[in-house]
Structure formats: C-alpha cells, structure tokens
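A.B. asks: Pasting target-v4.tsv below, which is TSV, C-alpha atoms.
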```
chain	number	residue	atom	x	y	z
A	41	MET	CA	0.00	0.00	0.00
A	42	LEU	CA	2.93	2.33	0.61
A	43	ARG	CA	4.58	1.59	-2.71
A	44	HIS	CA	5.15	4.71	-4.75
A	45	ARG	CA	3.92	6.86	-1.82
A	46	PRO	CA	6.75	7.18	0.72
A	47	ALA	CA	5.09	10.23	2.32
A	48	LEU	CA	2.58	7.83	3.85
A	49	ILE	CA	5.35	6.35	6.00
A	50	GLY	CA	5.79	9.72	7.69
A	51	LYS	CA	2.05	9.98	8.31
A	52	ALA	CA	1.94	6.40	9.61
A	53	VAL	CA	4.69	7.18	12.12
A	54	ARG	CA	3.48	10.65	13.03
A	55	ALA	CA	-0.14	9.77	13.87
A	56	PRO	CA	0.54	7.25	16.65
A	57	ALA	CA	3.52	9.26	17.91
A	58	ILE	CA	1.35	12.34	18.37
A	59	GLY	CA	-1.51	10.31	19.83
A	60	PHE	CA	0.66	8.42	22.30
A	61	GLY	CA	2.68	11.52	23.14
A	62	THR	CA	-0.51	13.39	23.97
A	63	ALA	CA	-1.93	10.51	26.01
A	64	ILE	CA	1.33	10.10	27.93
A	65	ALA	CA	1.51	13.84	28.63
A	66	ILE	CA	-2.08	13.95	29.91
A	67	THR	CA	-1.57	10.85	32.07
A	68	PHE	CA	1.68	12.29	33.42
A	69	ALA	CA	0.02	15.60	34.25
A	70	CYS	CA	-2.93	13.92	36.00
A	71	ALA	CA	-0.61	11.64	37.97
A	72	LEU	CA	1.64	14.53	38.93
A	73	VAL	CA	-1.30	16.61	40.19
A	74	SER	CA	-2.72	13.58	42.02
A	75	SER	CA	0.67	12.97	43.62
A	76	ARG	CA	1.03	16.61	44.72
A	77	LEU	CA	-2.47	16.48	46.23
A	78	GLY	CA	-1.49	13.34	48.15
A	79	TRP	CA	-4.04	11.13	46.42
A	80	ILE	CA	-1.41	8.67	45.13
A	81	ASP	CA	2.20	7.79	45.86
A	82	ALA	CA	4.78	5.32	44.59
A	83	GLY	CA	3.01	2.60	46.59
A	84	VAL	CA	0.29	2.55	43.96
A	85	LEU	CA	2.84	1.00	41.59
A	86	THR	CA	4.58	-1.35	44.00
A	87	GLY	CA	1.38	-2.59	45.63
A	88	HIS	CA	-0.01	-4.23	42.51
A	89	ARG	CA	2.03	-7.27	41.56
A	90	GLU	CA	-0.46	-8.33	38.86
A	91	VAL	CA	0.77	-5.53	36.57
A	92	LYS	CA	4.48	-6.07	37.12
A	93	PHE	CA	4.66	-7.84	33.74
A	94	ILE	CA	4.52	-4.34	32.26
A	95	VAL	CA	7.90	-3.38	33.74
A	96	LYS	CA	9.50	-6.75	33.12
A	97	PRO	CA	9.03	-7.55	29.41
A	98	ASP	CA	9.84	-11.09	28.38
A	99	LYS	CA	9.42	-13.40	25.40
A	100	TRP	CA	5.63	-13.32	25.84
A	101	SER	CA	5.60	-9.54	25.47
A	102	PHE	CA	7.29	-9.96	22.11
A	103	ILE	CA	5.07	-12.87	21.05
A	104	VAL	CA	1.89	-10.93	21.86
A	105	ALA	CA	3.23	-7.95	19.89
A	106	LEU	CA	3.96	-10.20	16.89
A	107	LEU	CA	0.45	-11.65	17.03
A	108	ALA	CA	-1.15	-8.22	17.37
A	109	GLY	CA	0.84	-6.86	14.43
A	110	ALA	CA	-0.02	-9.81	12.19
A	111	ALA	CA	-3.69	-9.64	13.19
A	112	GLY	CA	-3.80	-5.94	12.40
A	113	VAL	CA	-2.27	-6.33	8.95
A	114	LEU	CA	-4.41	-9.34	8.09
A	115	SER	CA	-7.61	-7.54	9.11
A	116	ILE	CA	-6.73	-4.44	7.12
A	117	THR	CA	-5.60	-6.26	3.99
A	118	ALA	CA	-8.63	-8.54	4.12
A	119	GLY	CA	-10.87	-5.48	4.35
A	120	MET	CA	-12.35	-6.75	7.61
A	121	SER	CA	-11.00	-4.29	10.13
A	122	SER	CA	-12.92	-4.29	13.37
A	123	ALA	CA	-12.89	-2.71	16.79
A	124	LEU	CA	-11.74	-6.01	18.28
A	125	VAL	CA	-8.49	-5.87	16.30
A	126	GLY	CA	-7.96	-2.31	17.53
A	127	VAL	CA	-8.44	-3.47	21.10
A	128	PHE	CA	-6.01	-6.36	20.57
A	129	ILE	CA	-3.37	-3.99	19.20
A	130	SER	CA	-3.96	-1.40	21.94
A	131	VAL	CA	-3.58	-3.99	24.69
A	132	THR	CA	0.06	-4.34	23.70
A	133	ARG	CA	0.91	-0.64	23.91
A	134	VAL	CA	-1.50	1.26	26.15
A	135	PRO	CA	-0.63	-0.37	29.51
A	136	ALA	CA	3.10	0.16	28.97
A	137	ALA	CA	2.65	3.81	27.95
A	138	GLY	CA	0.28	4.52	30.83
A	139	TYR	CA	2.49	2.80	33.39
A	140	ALA	CA	5.57	4.66	32.11
A	141	SER	CA	3.87	8.05	32.45
A	142	LEU	CA	2.55	7.21	35.93
A	143	ALA	CA	5.98	5.96	37.05
A	144	LEU	CA	7.58	9.09	35.60
A	145	ALA	CA	5.24	11.36	37.57
A	146	LEU	CA	5.88	9.38	40.76
A	147	GLY	CA	9.64	9.25	40.23
A	148	THR	CA	9.98	5.46	40.21
A	149	TRP	CA	12.74	5.49	37.63
A	150	GLU	CA	13.26	1.73	37.43
A	151	ASP	CA	9.58	1.31	36.52
A	152	VAL	CA	9.87	4.10	33.93
A	153	GLY	CA	12.73	2.25	32.23
A	154	GLY	CA	11.03	-1.15	32.39
A	155	SER	CA	7.71	0.03	31.01
A	156	ALA	CA	9.44	2.10	28.31
A	157	LEU	CA	11.38	-1.04	27.35
A	158	HIS	CA	8.10	-2.98	27.26
A	159	LEU	CA	6.61	-0.34	24.94
A	160	ALA	CA	9.70	-0.51	22.71
A	161	VAL	CA	9.50	-4.34	22.59
A	162	ASN	CA	5.82	-4.11	21.61
A	163	ILE	CA	6.34	-1.51	18.90
A	164	THR	CA	9.35	-3.38	17.50
A	165	GLY	CA	7.45	-6.67	17.48
A	166	MET	CA	4.46	-5.10	15.76
A	167	ILE	CA	6.56	-3.42	13.08
A	168	LEU	CA	8.41	-6.67	12.45
A	169	ALA	CA	5.16	-8.66	12.24
A	170	ASP	CA	3.54	-6.03	10.01
A	171	THR	CA	6.46	-6.06	7.61
A	172	LEU	CA	6.82	-9.84	7.49
A	173	THR	CA	3.08	-10.37	7.08
A	174	LEU	CA	2.91	-7.93	4.17
A	175	LEU	CA	5.95	-9.49	2.51
A	176	LEU	CA	4.53	-13.00	2.94
A	177	GLN	CA	1.18	-11.88	1.54
A	178	ARG	CA	2.86	-10.33	-1.49
A	179	LEU	CA	4.89	-13.50	-2.06
A	180	LEU	CA	1.86	-15.78	-1.76
A	181	TRP	CA	-0.37	-13.55	-3.84
A	182	SER	CA	2.16	-13.40	-6.67
A	183	ARG	CA	2.92	-17.13	-6.46
A	184	TYR	CA	-0.73	-18.15	-6.69
A	185	GLY	CA	-1.80	-15.47	-9.14
A	186	LEU	CA	-3.91	-13.60	-6.64
A	187	SER	CA	-4.17	-9.84	-6.66
A	188	ALA	CA	-3.89	-7.71	-3.59
A	189	PRO	CA	-7.16	-6.22	-2.35
A	190	LEU	CA	-7.80	-2.74	-3.68
A	191	THR	CA	-7.53	0.21	-1.34
A	192	HIS	CA	-10.57	2.43	-0.89
A	193	ARG	CA	-9.01	4.99	-3.23
A	194	GLU	CA	-8.35	2.34	-5.89
A	195	GLN	CA	-11.89	1.00	-5.51
A	196	ALA	CA	-13.29	4.49	-6.07
A	197	ARG	CA	-11.10	4.93	-9.15
A	198	HIS	CA	-12.31	1.66	-10.64
A	199	ALA	CA	-15.97	2.18	-9.79
A	200	GLN	CA	-18.40	2.43	-12.64
A	201	PRO	CA	-19.75	5.93	-13.29
A	202	PRO	CA	-23.45	6.26	-12.57
A	203	LEU	CA	-25.76	5.70	-15.52
A	204	LYS	CA	-27.20	8.85	-17.03
A	205	SER	CA	-30.92	8.90	-17.39
```
Write the structure described by the file as structure tokens, please.
C.D. replies:
Amino acid sequence: MLRHRPALIGKAVRAPAIGFGTAIAITFACALVSSRLGWIDAGVLTGHREVKFIVKPDKWSFIVALLAGAAGVLSITAGMSSALVGVFISVTRVPAAGYASLALALGTWEDVGGSALHLAVNITGMILADTLTLLLQRLLWSRYGLSAPLTHREQARHAQPPLKS
C-alpha cells in the first residue's frame, strides 16, 4: 500500500507518535497533580504485583506484539478491520505507555525504564510482524496469481460511473 507513496510512511509514524505523546503527557500531568495532592504515591505502583509484567518484558511480550501486528495487517488487507483488532493492538501498547507516564510522575525510575522497554519491545514486534506479514502476503499472492485487495481509493477509481438517465 505504501509503494510509490513514501510520504505515507511519515504519516503512519506521526499519527501514533502524536496520539501516544498526547496521552502520555495527559496521564503524566494527571498523575503529577494527584501525587502533589497526596491522592497517590509510589506505593500505587509497588502494591499491585499483577501488573508487574509491564515493567519486566519477556518473550511473551514480544510474542503478543507479533500476534497483534499480524492480526492488524491481516484484518486491514482482508478489508475486515474491526474494533476487536484495535483493542487487541492497543492492549500491547497502552498499559506500557500509561504505566511509564505514571511511574515518571511518581519518580519510580526503574519502573519508567522497564515500562518504556516494554513499549519498545511491543512496537518493535508489531513493526516486524507487520512487515513480514505484508511481505509474505505479497509472495503468496504473486505465487498463486492472486491480486492484492484494492484500497478504498483504488476502488473508487475503478468504480463504474453512474448511468445517465
């Protein structure tokens, strides 16, 4: 889809970067204000062991990111994108970004590093899965004489003009 349109790569990188940057900044600001008001402290992070996987990424973090990336590409290229796929993809990134901004506001630097690493592992895994899935699709489509699904713009270009009455 990006062939012959490299400017789309910039847009594809910029949109989530701005969105996540904004979300992280808002979460950081809310956590900082809450901390200054005494509503939360660093204990909120250390008291919940069930979310510690966020600051300690492992092979499963990477595997989930690969699966989310492949699912996203397959849903888009099959023209069957759904909210469920968006949720699946968000589950890999949102907790790490939120935890990092909360840890940053509370000054728990080890947690900031761990959750930032988790976010990096997820993004790397998704980019790798996206790229490999698209390359595999292209290989299989060309090998079996299939054509890639048309984009919305291509569909509109190929649509029949309305009949004149």
A.B. asks: Smallest atom-to-atom distance to Ser141 of chain A: which of A:Ile167, A:Val91, A:Ala111, A:Ala156, using all atoms listed in the file?
C.D. replies: A:Ala156
A.B. asks: Give the answer as one residue: which of A:Leu146, A:Leu106, A:Leu168, A:Ile49 has the shortest atom-to-atom distance to Arg76 of chain A, using only C-alpha atoms?
C.D. replies: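 Comparing A:Leu146, A:Leu106, A:Leu168, A:Ile49 against Arg76 of chain A, the winner is A:Leu146.
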A.B. asks: Of the candidates A:Ile66, A:Leu174, A:Val73, A:Ala136, which one gets nearest to Asp151 of chain A if we count all atoms listed in the file?
C.D. replies: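 The answer is A:Ala136, which sits nearest to Asp151 of chain A.
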A.B. asks: Figure out the distance between atom CA of Ser155 of chain A and atom CA of Pro97 of chain A, please, to one decimal in Å.
C.D. replies: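 For atom CA of Pro97 of chain A relative to atom CA of Ser155 of chain A, the distance reads 7.9 Å.
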A.B. asks: Considering only C-alpha atoms, can you say which of A:Ser101, A:Ser182, A:Thr171, A:Ser130 comes closest to His158 of chain A?
C.D. replies: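 That would be A:Ser101, the residue with the smallest distance to His158 of chain A.
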A.B. asks: Please identify all polymer residues lying at most 12 Å from the point (0.2, 16.3, 40.4) (file coordinates), using all atoms listed in the file, and present the result as a VMD selection string.
C.D. replies: chain A and resid 66 to 81 142 144 to 147
A.B. asks: What is the atom CA of Ile58 of chain A to atom CA of Gly109 of chain A distance in Å?
C.D. replies: 19.6 Å
A.B. asks: To one decimal in Å, tell me the separation between atom CA of Pro135 of chain A and atom CA of Thr86 of chain A.
C.D. replies: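 One can read the atom CA of Pro135 of chain A to atom CA of Thr86 of chain A distance as 15.4 Å.
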A.B. asks: Would you please work out which residue, of A:Gly50, A:Gly138, A:Gly119, A:Gly154, is nearest to Asp98 of chain A when using only C-alpha atoms?
C.D. replies: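 Using only C-alpha atoms, the shortest distance to Asp98 of chain A belongs to A:Gly154.
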A.B. asks: Have a look at A:Val95, A:Val84, A:Ala63, A:Val113 and name the one nearest to Met166 of chain A; count only C-alpha atoms.
C.D. replies: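 Using only C-alpha atoms, the shortest distance to Met166 of chain A belongs to A:Val113.
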A.B. asks: Could you write segment 100-120 of chain A as a PDB file, in the coordinates of the input, with N, CA and C atoms rebuilt where they are missing?
C.D. replies:
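The resulting out_3.pdb:
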```
ATOM      1  N   TRP A 100       7.077 -13.381  26.079  1.00  0.00           N
ATOM      2  CA  TRP A 100       5.630 -13.320  25.840  1.00  0.00           C
ATOM      3  C   TRP A 100       5.204 -11.915  25.411  1.00  0.00           C
ATOM      4  N   SER A 101       5.883 -10.914  25.910  1.00  0.00           N
ATOM      5  CA  SER A 101       5.600  -9.540  25.470  1.00  0.00           C
ATOM      6  C   SER A 101       5.836  -9.428  23.968  1.00  0.00           C
ATOM      7  N   PHE A 102       6.942 -10.007  23.523  1.00  0.00           N
ATOM      8  CA  PHE A 102       7.290  -9.960  22.110  1.00  0.00           C
ATOM      9  C   PHE A 102       6.337 -10.810  21.272  1.00  0.00           C
ATOM     10  N   ILE A 103       5.983 -11.988  21.778  1.00  0.00           N
ATOM     11  CA  ILE A 103       5.070 -12.870  21.050  1.00  0.00           C
ATOM     12  C   ILE A 103       3.696 -12.222  20.886  1.00  0.00           C
ATOM     13  N   VAL A 104       3.193 -11.606  21.943  1.00  0.00           N
ATOM     14  CA  VAL A 104       1.890 -10.930  21.860  1.00  0.00           C
ATOM     15  C   VAL A 104       1.966  -9.773  20.859  1.00  0.00           C
ATOM     16  N   ALA A 105       3.070  -9.049  20.854  1.00  0.00           N
ATOM     17  CA  ALA A 105       3.230  -7.950  19.890  1.00  0.00           C
ATOM     18  C   ALA A 105       3.251  -8.480  18.460  1.00  0.00           C
ATOM     19  N   LEU A 106       3.934  -9.603  18.232  1.00  0.00           N
ATOM     20  CA  LEU A 106       3.960 -10.200  16.890  1.00  0.00           C
ATOM     21  C   LEU A 106       2.548 -10.598  16.456  1.00  0.00           C
ATOM     22  N   LEU A 107       1.815 -11.236  17.364  1.00  0.00           N
ATOM     23  CA  LEU A 107       0.450 -11.650  17.030  1.00  0.00           C
ATOM     24  C   LEU A 107      -0.453 -10.453  16.760  1.00  0.00           C
ATOM     25  N   ALA A 108      -0.323  -9.416  17.569  1.00  0.00           N
ATOM     26  CA  ALA A 108      -1.150  -8.220  17.370  1.00  0.00           C
ATOM     27  C   ALA A 108      -0.832  -7.556  16.041  1.00  0.00           C
ATOM     28  N   GLY A 109       0.454  -7.467  15.703  1.00  0.00           N
ATOM     29  CA  GLY A 109       0.840  -6.860  14.430  1.00  0.00           C
ATOM     30  C   GLY A 109       0.317  -7.652  13.245  1.00  0.00           C
ATOM     31  N   ALA A 110       0.471  -8.966  13.291  1.00  0.00           N
ATOM     32  CA  ALA A 110      -0.020  -9.810  12.190  1.00  0.00           C
ATOM     33  C   ALA A 110      -1.534  -9.719  12.079  1.00  0.00           C
ATOM     34  N   ALA A 111      -2.228  -9.741  13.217  1.00  0.00           N
ATOM     35  CA  ALA A 111      -3.690  -9.640  13.190  1.00  0.00           C
ATOM     36  C   ALA A 111      -4.141  -8.314  12.591  1.00  0.00           C
ATOM     37  N   GLY A 112      -3.448  -7.250  12.939  1.00  0.00           N
ATOM     38  CA  GLY A 112      -3.800  -5.940  12.400  1.00  0.00           C
ATOM     39  C   GLY A 112      -3.635  -5.874  10.892  1.00  0.00           C
ATOM     40  N   VAL A 113      -2.507  -6.351  10.392  1.00  0.00           N
ATOM     41  CA  VAL A 113      -2.270  -6.330   8.950  1.00  0.00           C
ATOM     42  C   VAL A 113      -3.263  -7.228   8.223  1.00  0.00           C
ATOM     43  N   LEU A 114      -3.484  -8.427   8.743  1.00  0.00           N
ATOM     44  CA  LEU A 114      -4.410  -9.340   8.090  1.00  0.00           C
ATOM     45  C   LEU A 114      -5.828  -8.762   8.041  1.00  0.00           C
ATOM     46  N   SER A 115      -6.253  -8.102   9.118  1.00  0.00           N
ATOM     47  CA  SER A 115      -7.610  -7.540   9.110  1.00  0.00           C
ATOM     48  C   SER A 115      -7.726  -6.389   8.123  1.00  0.00           C
ATOM     49  N   ILE A 116      -6.684  -5.578   8.036  1.00  0.00           N
ATOM     50  CA  ILE A 116      -6.730  -4.440   7.120  1.00  0.00           C
ATOM     51  C   ILE A 116      -6.661  -4.906   5.672  1.00  0.00           C
ATOM     52  N   THR A 117      -5.740  -5.820   5.376  1.00  0.00           N
ATOM     53  CA  THR A 117      -5.600  -6.260   3.990  1.00  0.00           C
ATOM     54  C   THR A 117      -6.756  -7.131   3.543  1.00  0.00           C
ATOM     55  N   ALA A 118      -7.458  -7.747   4.483  1.00  0.00           N
ATOM     56  CA  ALA A 118      -8.630  -8.540   4.120  1.00  0.00           C
ATOM     57  C   ALA A 118      -9.880  -7.667   4.054  1.00  0.00           C
ATOM     58  N   GLY A 119      -9.724  -6.394   4.390  1.00  0.00           N
ATOM     59  CA  GLY A 119     -10.870  -5.480   4.350  1.00  0.00           C
ATOM     60  C   GLY A 119     -11.884  -5.779   5.450  1.00  0.00           C
ATOM     61  N   MET A 120     -11.425  -6.377   6.540  1.00  0.00           N
ATOM     62  CA  MET A 120     -12.350  -6.750   7.610  1.00  0.00           C
ATOM     63  C   MET A 120     -11.877  -6.169   8.944  1.00  0.00           C
TER      64      MET A 120
END
```
